[in-house]
Each structure stands twice: as structure tokens, then as C-alpha cells.
file entry_11.txt (compact mmCIF, C-alpha atoms)
# COMPACT_ATOMS: atom_id res chain seq x y z
CA MET A 1 14.81 -9.74 43.84
CA ALA A 2 14.16 -13.43 44.09
CA LEU A 3 12.35 -15.10 41.26
CA GLN A 4 8.76 -15.98 41.76
CA HIS A 5 8.28 -19.69 42.27
CA ALA A 6 7.42 -21.53 39.10
CA THR A 7 3.81 -22.54 38.65
CA SER A 8 2.90 -26.01 37.43
CA GLY A 9 3.53 -26.26 33.70
CA GLU A 10 5.74 -23.17 33.52
CA VAL A 11 9.12 -23.44 31.82
CA VAL A 12 12.02 -21.93 33.76
CA GLU A 13 15.55 -21.81 32.48
CA VAL A 14 18.44 -23.12 34.53
CA ARG A 15 21.24 -22.72 31.99
CA PRO A 16 24.82 -22.17 33.01
CA ARG A 17 25.62 -18.51 33.60
CA GLY A 18 29.25 -18.41 32.51
CA SER A 19 30.91 -15.18 33.57
CA ARG A 20 27.54 -13.87 34.80
CA ILE A 21 27.30 -16.54 37.52
CA GLY A 22 27.79 -13.91 40.23
CA ASP A 23 24.76 -11.94 39.05
CA ALA A 24 22.17 -14.52 40.00
CA PRO A 25 21.34 -15.18 43.64
CA SER A 26 20.55 -18.56 45.16
CA THR A 27 16.80 -18.91 45.14
CA ALA A 28 13.95 -21.38 45.41
CA ILE A 29 12.55 -21.92 41.93
CA VAL A 30 9.93 -24.52 42.82
CA LEU A 31 8.13 -24.72 46.13
CA ASP A 32 5.25 -27.16 46.29
CA GLY A 33 3.86 -29.02 49.27
CA ASN A 34 6.05 -32.01 48.46
CA ILE A 35 8.95 -30.84 46.29
CA GLU A 36 11.36 -27.96 46.52
CA VAL A 37 13.88 -27.04 43.84
CA MET A 38 16.59 -24.55 44.68
CA ARG A 39 19.31 -23.11 42.54
CA LEU A 40 22.43 -22.59 44.56
CA MET A 41 24.95 -20.10 43.19
CA LEU A 42 28.22 -20.66 45.00
CA PRO A 43 31.26 -18.52 44.21
CA THR A 44 34.65 -20.19 44.52
CA GLY A 45 35.45 -20.88 48.15
CA LYS A 46 31.88 -20.54 49.35
CA SER A 47 30.57 -23.37 51.49
CA VAL A 48 27.23 -24.59 52.73
CA SER A 49 27.64 -25.88 56.27
CA GLU A 50 26.76 -29.43 57.15
CA HIS A 51 23.02 -29.92 57.49
CA ALA A 52 20.41 -32.56 56.79
CA VAL A 53 16.88 -32.51 55.49
CA ALA A 54 14.18 -35.02 56.36
CA GLY A 55 13.37 -36.17 52.85
CA PRO A 56 15.56 -37.61 50.09
CA MET A 57 17.13 -35.20 47.64
CA THR A 58 19.35 -34.80 44.63
CA LEU A 59 22.18 -32.38 43.97
CA HIS A 60 22.87 -31.68 40.31
CA CYS A 61 25.94 -29.65 39.44
CA LEU A 62 25.06 -27.61 36.35
CA GLU A 63 28.16 -25.46 36.16
CA GLY A 64 31.54 -25.24 37.80
CA ALA A 65 32.60 -27.68 40.49
CA VAL A 66 31.81 -28.44 44.11
CA ASP A 67 32.99 -30.86 46.74
CA VAL A 68 30.16 -32.61 48.53
CA ARG A 69 31.00 -34.01 51.93
CA ALA A 70 28.79 -36.85 53.15
CA TYR A 71 29.36 -40.15 54.89
CA GLY A 72 32.72 -38.94 56.15
CA SER A 73 34.29 -38.36 52.76
CA SER A 74 34.38 -35.65 50.13
CA ARG A 75 33.31 -36.23 46.56
CA PRO A 76 34.01 -33.77 43.75
CA MET A 77 31.12 -33.00 41.41
CA ARG A 78 31.49 -31.02 38.23
CA ALA A 79 28.96 -29.86 35.66
CA GLY A 80 26.83 -32.82 34.61
CA ASP A 81 27.20 -34.78 37.84
CA LEU A 82 24.22 -35.71 40.00
CA MET A 83 24.14 -37.10 43.53
CA TYR A 84 21.24 -38.66 45.34
CA LEU A 85 21.17 -38.38 49.11
CA ALA A 86 18.77 -40.37 51.27
CA GLY A 87 16.64 -38.49 53.79
CA GLY A 88 18.43 -37.35 56.92
CA VAL A 89 21.99 -37.72 55.59
CA PRO A 90 24.20 -34.84 56.80
CA HIS A 91 26.02 -33.16 53.93
CA ALA A 92 28.04 -30.03 53.24
CA LEU A 93 29.10 -28.31 50.03
CA TYR A 94 32.23 -26.39 49.09
CA ALA A 95 32.65 -24.59 45.78
CA ILE A 96 35.96 -25.53 44.11
CA GLU A 97 35.02 -23.19 41.26
CA ASP A 98 32.11 -20.79 40.79
CA ALA A 99 29.26 -23.30 40.82
CA PHE A 100 25.60 -23.54 39.97
CA VAL A 101 23.94 -26.48 41.71
CA LEU A 102 20.32 -27.52 41.46
CA ALA A 103 19.03 -29.05 44.70
CA THR A 104 15.74 -30.99 44.52
CA VAL A 105 14.35 -31.91 47.92
CA VAL A 106 11.36 -34.09 48.72
CA ARG A 107 9.24 -32.63 51.48
CA LEU A 108 7.51 -35.53 53.11
CA PRO A 109 4.11 -35.10 54.71
CA PRO A 110 4.10 -35.47 58.51
CA ALA A 111 4.06 -39.14 59.46
CA MET B 1 21.77 -53.37 30.37
CA ALA B 2 20.19 -50.78 32.60
CA LEU B 3 22.40 -48.98 35.05
CA GLN B 4 22.22 -49.97 38.65
CA HIS B 5 20.33 -47.44 40.70
CA ALA B 6 22.56 -44.93 42.39
CA THR B 7 23.16 -45.39 46.09
CA SER B 8 22.98 -42.47 48.50
CA GLY B 9 26.13 -40.34 48.17
CA GLU B 10 27.17 -41.81 44.83
CA VAL B 11 28.01 -39.44 41.98
CA VAL B 12 26.41 -40.33 38.65
CA GLU B 13 27.00 -38.40 35.48
CA VAL B 14 24.14 -37.09 33.41
CA ARG B 15 26.08 -35.12 30.80
CA PRO B 16 24.78 -34.54 27.30
CA ARG B 17 25.62 -37.37 24.94
CA GLY B 18 26.01 -35.46 21.68
CA SER B 19 26.15 -37.82 18.75
CA ARG B 20 26.12 -40.79 21.10
CA ILE B 21 22.66 -39.99 22.42
CA GLY B 22 21.21 -43.08 20.73
CA ASP B 23 23.61 -45.36 22.60
CA ALA B 24 22.12 -44.79 26.05
CA PRO B 25 18.74 -46.23 26.95
CA SER B 26 16.13 -44.56 29.11
CA THR B 27 16.65 -45.78 32.62
CA ALA B 28 15.89 -45.13 36.27
CA ILE B 29 19.01 -43.73 37.89
CA VAL B 30 17.59 -43.14 41.36
CA LEU B 31 14.85 -45.20 42.93
CA ASP B 32 14.19 -44.51 46.59
CA GLY B 33 11.00 -44.94 48.56
CA ASN B 34 10.11 -41.29 47.96
CA ILE B 35 12.05 -40.06 44.93
CA GLU B 36 12.61 -41.46 41.48
CA VAL B 37 14.96 -39.95 38.91
CA MET B 38 14.78 -41.20 35.34
CA ARG B 39 16.83 -40.24 32.35
CA LEU B 40 14.70 -40.29 29.25
CA MET B 41 16.51 -40.63 25.94
CA LEU B 42 14.10 -39.64 23.18
CA PRO B 43 15.19 -39.74 19.54
CA THR B 44 13.62 -37.15 17.23
CA GLY B 45 9.95 -37.88 16.70
CA LYS B 46 9.62 -40.15 19.70
CA SER B 47 6.76 -39.40 22.06
CA VAL B 48 5.73 -40.36 25.55
CA SER B 49 1.95 -40.73 25.64
CA GLU B 50 -0.14 -38.66 27.99
CA HIS B 51 -0.01 -39.95 31.53
CA ALA B 52 -0.04 -38.63 35.07
CA VAL B 53 1.76 -39.53 38.26
CA ALA B 54 0.41 -39.05 41.76
CA GLY B 55 3.23 -36.90 43.12
CA PRO B 56 4.74 -33.63 41.89
CA MET B 57 7.65 -33.81 39.50
CA THR B 58 10.14 -31.87 37.43
CA LEU B 59 11.24 -32.34 33.84
CA HIS B 60 14.69 -30.98 33.04
CA CYS B 61 15.78 -30.95 29.42
CA LEU B 62 19.52 -31.58 29.41
CA GLU B 63 20.05 -31.93 25.68
CA GLY B 64 18.10 -31.44 22.48
CA ALA B 65 14.50 -30.26 22.53
CA VAL B 66 11.09 -31.59 23.45
CA ASP B 67 7.53 -30.34 23.39
CA VAL B 68 5.70 -30.91 26.64
CA ARG B 69 1.93 -30.96 26.39
CA ALA B 70 0.03 -30.15 29.59
CA TYR B 71 -2.98 -28.05 30.51
CA GLY B 72 -4.18 -28.18 26.90
CA SER B 73 -1.16 -26.50 25.36
CA SER B 74 2.28 -27.45 24.17
CA ARG B 75 5.44 -25.84 25.51
CA PRO B 76 8.84 -26.28 23.89
CA MET B 77 11.74 -27.05 26.19
CA ARG B 78 15.34 -27.04 25.10
CA ALA B 79 18.56 -27.86 26.92
CA GLY B 80 18.65 -25.92 30.18
CA ASP B 81 14.89 -25.64 30.62
CA LEU B 82 13.08 -27.08 33.62
CA MET B 83 9.36 -27.58 34.20
CA TYR B 84 7.58 -28.35 37.43
CA LEU B 85 4.33 -30.29 37.24
CA ALA B 86 2.00 -30.65 40.20
CA GLY B 87 0.88 -34.13 41.18
CA GLY B 88 -1.76 -35.70 38.98
CA VAL B 89 -1.33 -33.35 36.00
CA PRO B 90 -1.61 -35.26 32.70
CA HIS B 91 1.32 -34.58 30.41
CA ALA B 92 2.89 -35.92 27.24
CA LEU B 93 6.30 -35.44 25.62
CA TYR B 94 7.40 -35.25 22.00
CA ALA B 95 11.03 -35.04 20.92
CA ILE B 96 11.57 -32.19 18.46
CA GLU B 97 15.24 -33.16 18.35
CA ASP B 98 17.15 -36.06 19.90
CA ALA B 99 16.58 -35.26 23.56
CA PHE B 100 17.86 -36.20 26.98
CA VAL B 101 15.38 -35.32 29.72
CA LEU B 102 15.80 -35.86 33.43
CA ALA B 103 12.49 -36.61 35.16
CA THR B 104 12.41 -36.34 38.96
CA VAL B 105 9.23 -37.69 40.51
CA VAL B 106 8.13 -37.56 44.14
CA ARG B 107 6.61 -40.81 45.27
CA LEU B 108 4.25 -39.96 48.07
CA PRO B 109 3.58 -42.41 50.84
CA PRO B 110 0.03 -43.80 50.88
CA ALA B 111 -2.38 -41.34 52.51

call {"tool": "encode", "arguments": {"input": "entry_11.txt", "output": "C-alpha cells"}}
result
Amino acid sequence: MALQHATSGEVVEVRPRGSRIGDAPSTAIVLDGNIEVMRLMLPTGKSVSEHAVAGPMTLHCLEGAVDVRAYGSSRPMRAGDLMYLAGGVPHALYAIEDAFVLATVVRLPPA
Amino acid sequence: MALQHATSGEVVEVRPRGSRIGDAPSTAIVLDGNIEVMRLMLPTGKSVSEHAVAGPMTLHCLEGAVDVRAYGSSRPMRAGDLMYLAGGVPHALYAIEDAFVLATVVRLPPA
């Protein structure tokens, strides 16, 4: 089952999984009115189709390696790399290796 | 000198520093209208006084260990631990060991 969302002040662990990476599903670990943190577990070859979100976001590769396609080019990210994407920028992911990526998305209030 | 802020789509590395942790200053690595990402480099014994920010945030310990004080108690966080804090929650940090903490703060537009 999915984890419960973290409550404010709770410590959740997002350590690399090593050979157990396949055991943990992608799940939302924080879901607040204005911030959402998801852990994406992507086995080698798995992709996340191009999409965009309204608010700005960061992608933080915690384990393995992914290609992130945005602005018409593909950038490799490996463990320890972080990318900021402005709101509305279409992007896609492709796992070069089994990868664990933390996505932090700002959910803007309606204008 | 401080790093330049990352531009959208740029890959920045936030790997542990090991013995070189003292060489890197705390700095803002992303500064957008609605999201701010700071890397905090805290040598053992260093503290960040209690403060609060308007928007929700996460603290992600990437290296070493810190105590985070919030809601009247202190919670240890070591490398791989993440904490979500709702907007406006007073919190303080204390480095138990040389620590590298990524702070991601949502900057809400004026109501």
C-alpha cells in the first residue's frame, strides 16, 4: 500500500534502496495545499511521458540515473543531481538505470 | 562567491561533500517567484535560530546529521531523511555532525 502522507514535522526517510529499489512503489510522500513531494521509482527503461505542471518544481535524482527531456534536449541526471523547472515547462523522464527521483512541485493557489 | 541561481532546466549537483563540507558555503541554488531551494552547510555545533516562513517547506538532510526543533520537540535527521513543515511553523536547526541540508521553500503569492 501507499505510504500515508507525511504530517508537518514528521521525519520520512528517502534513502537509496539499492537492490530493493523495485520493492517500493512511486508515491506521494507530502501533499499539502501548496507543496507536493513525490518519490518516483523508475526501473531501467521506464519513462514518464511529457507533461507539464502549473507551478515550478524540482527533480532530485537520489539513486540511479535518468534522462530528463525539456526545452528540446535531453539532460542526464545521476544520483546527487537536481533540476529546477519553471512552471508550465513540458518535461519527460526516462530511466537509464533503476532510478529513485524526488519530485517537489509547488501547487499555486488559483489566480 | 555564491553560486549563480540555477536556470530552469539546468542540472546542478548537490552531492555530499565528505571532508570538503567546510569548503562550500550555504547558498540559494534556486530562486524563482514561487520556489526557493537553499543548500545549508552547517558545521558541527552550528545552529539556525528559530524562525518561520510563510509557505510550506521541506528539509532534506543530504549529509551528516541535524536536530530539527519544531512543535516543542527535537527530531534528529540524518542523511536521507526528509521533513515537511507546514507554512508558518517555527523551527530551528542544530548540527549534530557536519551537515548538508537542502531546504525547499514555497513562496506564496500575496493573498

call {"tool": "atom_distance", "arguments": {"input": "entry_11.txt", "atom1": "atom CA of A:Gly87", "atom2": "atom CA of A:Ile35"}}
result
13.2 Å

call {"tool": "interface_residues", "arguments": {"input": "entry_11.txt", "of": "chain B", "to": "chain A", "cutoff": "8 Å", "atoms": "all atoms listed in the file", "output": "VMD selection string"}}
result
chain B and resid 6 to 16 30 32 34 to 35 55 to 57 70 to 71 75 77 79 to 86 106 108

call {"tool": "closest_residue", "arguments": {"input": "entry_11.txt", "among": "B:Tyr94, B:Gly72, B:Gly64, B:Leu102", "to": "B:Gly18", "atoms": "all atoms listed in the file"}}
result
B:Gly64

call {"tool": "atom_distance", "arguments": {"input": "entry_11.txt", "atom1": "atom CA of A:Pro43", "atom2": "atom CA of A:Thr27"}}
result
14.5 Å

call {"tool": "atom_distance", "arguments": {"input": "entry_11.txt", "atom1": "atom CA of B:Ser26", "atom2": "atom CA of A:Ala65"}}
result
26.2 Å

call {"tool": "closest_residue", "arguments": {"input": "entry_11.txt", "among": "B:Ser49, B:Gly88, B:Asp98, B:Ala54", "to": "B:Ala24", "atoms": "only C-alpha atoms"}}
result
B:Asp98

call {"tool": "closest_residue", "arguments": {"input": "entry_11.txt", "among": "B:Ser19, B:Val48, B:Leu42, B:Val53", "to": "B:Ala99", "atoms": "only C-alpha atoms"}}
result
B:Leu42

call {"tool": "closest_residue", "arguments": {"input": "entry_11.txt", "among": "B:Ile21, B:Ile96, B:Pro90, B:Gln4", "to": "B:Ala52", "atoms": "all atoms listed in the file"}}
result
B:Pro90

call {"tool": "build_atoms", "arguments": {"input": "entry_11.txt", "residues": "stretch 68-81 of chain A", "atoms": "N, CA, C and O atoms", "output": "PDB file, in the frame of the given file"}}
result
ATOM      1  N   VAL A  68      31.271 -32.282  47.641  1.00  0.00           N
ATOM      2  CA  VAL A  68      30.160 -32.610  48.530  1.00  0.00           C
ATOM      3  C   VAL A  68      30.680 -33.579  49.578  1.00  0.00           C
ATOM      4  O   VAL A  68      31.238 -34.636  49.252  1.00  0.00           O
ATOM      5  N   ARG A  69      30.528 -33.183  50.821  1.00  0.00           N
ATOM      6  CA  ARG A  69      31.000 -34.010  51.930  1.00  0.00           C
ATOM      7  C   ARG A  69      29.792 -34.723  52.538  1.00  0.00           C
ATOM      8  O   ARG A  69      28.819 -34.092  52.948  1.00  0.00           O
ATOM      9  N   ALA A  70      29.855 -36.035  52.560  1.00  0.00           N
ATOM     10  CA  ALA A  70      28.790 -36.850  53.150  1.00  0.00           C
ATOM     11  C   ALA A  70      29.393 -38.205  53.493  1.00  0.00           C
ATOM     12  O   ALA A  70      30.366 -38.634  52.864  1.00  0.00           O
ATOM     13  N   TYR A  71      28.864 -38.833  54.492  1.00  0.00           N
ATOM     14  CA  TYR A  71      29.360 -40.150  54.890  1.00  0.00           C
ATOM     15  C   TYR A  71      30.853 -40.125  55.205  1.00  0.00           C
ATOM     16  O   TYR A  71      31.571 -41.086  54.920  1.00  0.00           O
ATOM     17  N   GLY A  72      31.326 -39.000  55.710  1.00  0.00           N
ATOM     18  CA  GLY A  72      32.720 -38.940  56.150  1.00  0.00           C
ATOM     19  C   GLY A  72      33.750 -38.803  55.041  1.00  0.00           C
ATOM     20  O   GLY A  72      34.949 -38.867  55.297  1.00  0.00           O
ATOM     21  N   SER A  73      33.297 -38.594  53.808  1.00  0.00           N
ATOM     22  CA  SER A  73      34.290 -38.360  52.760  1.00  0.00           C
ATOM     23  C   SER A  73      33.783 -37.267  51.825  1.00  0.00           C
ATOM     24  O   SER A  73      32.612 -36.884  51.856  1.00  0.00           O
ATOM     25  N   SER A  74      34.668 -36.770  51.009  1.00  0.00           N
ATOM     26  CA  SER A  74      34.380 -35.650  50.130  1.00  0.00           C
ATOM     27  C   SER A  74      34.410 -36.135  48.691  1.00  0.00           C
ATOM     28  O   SER A  74      35.344 -36.822  48.292  1.00  0.00           O
ATOM     29  N   ARG A  75      33.375 -35.798  47.957  1.00  0.00           N
ATOM     30  CA  ARG A  75      33.310 -36.230  46.560  1.00  0.00           C
ATOM     31  C   ARG A  75      33.216 -35.002  45.664  1.00  0.00           C
ATOM     32  O   ARG A  75      32.324 -34.180  45.847  1.00  0.00           O
ATOM     33  N   PRO A  76      34.110 -34.893  44.681  1.00  0.00           N
ATOM     34  CA  PRO A  76      34.010 -33.770  43.750  1.00  0.00           C
ATOM     35  C   PRO A  76      32.875 -34.001  42.752  1.00  0.00           C
ATOM     36  O   PRO A  76      32.648 -35.127  42.304  1.00  0.00           O
ATOM     37  N   MET A  77      32.156 -32.948  42.457  1.00  0.00           N
ATOM     38  CA  MET A  77      31.120 -33.000  41.410  1.00  0.00           C
ATOM     39  C   MET A  77      31.368 -31.831  40.481  1.00  0.00           C
ATOM     40  O   MET A  77      31.541 -30.702  40.936  1.00  0.00           O
ATOM     41  N   ARG A  78      31.372 -32.112  39.193  1.00  0.00           N
ATOM     42  CA  ARG A  78      31.490 -31.020  38.230  1.00  0.00           C
ATOM     43  C   ARG A  78      30.239 -30.988  37.372  1.00  0.00           C
ATOM     44  O   ARG A  78      29.343 -31.822  37.545  1.00  0.00           O
ATOM     45  N   ALA A  79      30.161 -30.033  36.478  1.00  0.00           N
ATOM     46  CA  ALA A  79      28.960 -29.860  35.660  1.00  0.00           C
ATOM     47  C   ALA A  79      28.573 -31.185  35.010  1.00  0.00           C
ATOM     48  O   ALA A  79      29.403 -31.847  34.385  1.00  0.00           O
ATOM     49  N   GLY A  80      27.322 -31.561  35.194  1.00  0.00           N
ATOM     50  CA  GLY A  80      26.830 -32.820  34.610  1.00  0.00           C
ATOM     51  C   GLY A  80      26.794 -33.966  35.587  1.00  0.00           C
ATOM     52  O   GLY A  80      26.377 -35.064  35.226  1.00  0.00           O
ATOM     53  N   ASP A  81      27.233 -33.732  36.820  1.00  0.00           N
ATOM     54  CA  ASP A  81      27.200 -34.780  37.840  1.00  0.00           C
ATOM     55  C   ASP A  81      25.993 -34.592  38.739  1.00  0.00           C
ATOM     56  O   ASP A  81      25.617 -33.462  39.088  1.00  0.00           O
TER      57      ASP A  81
END
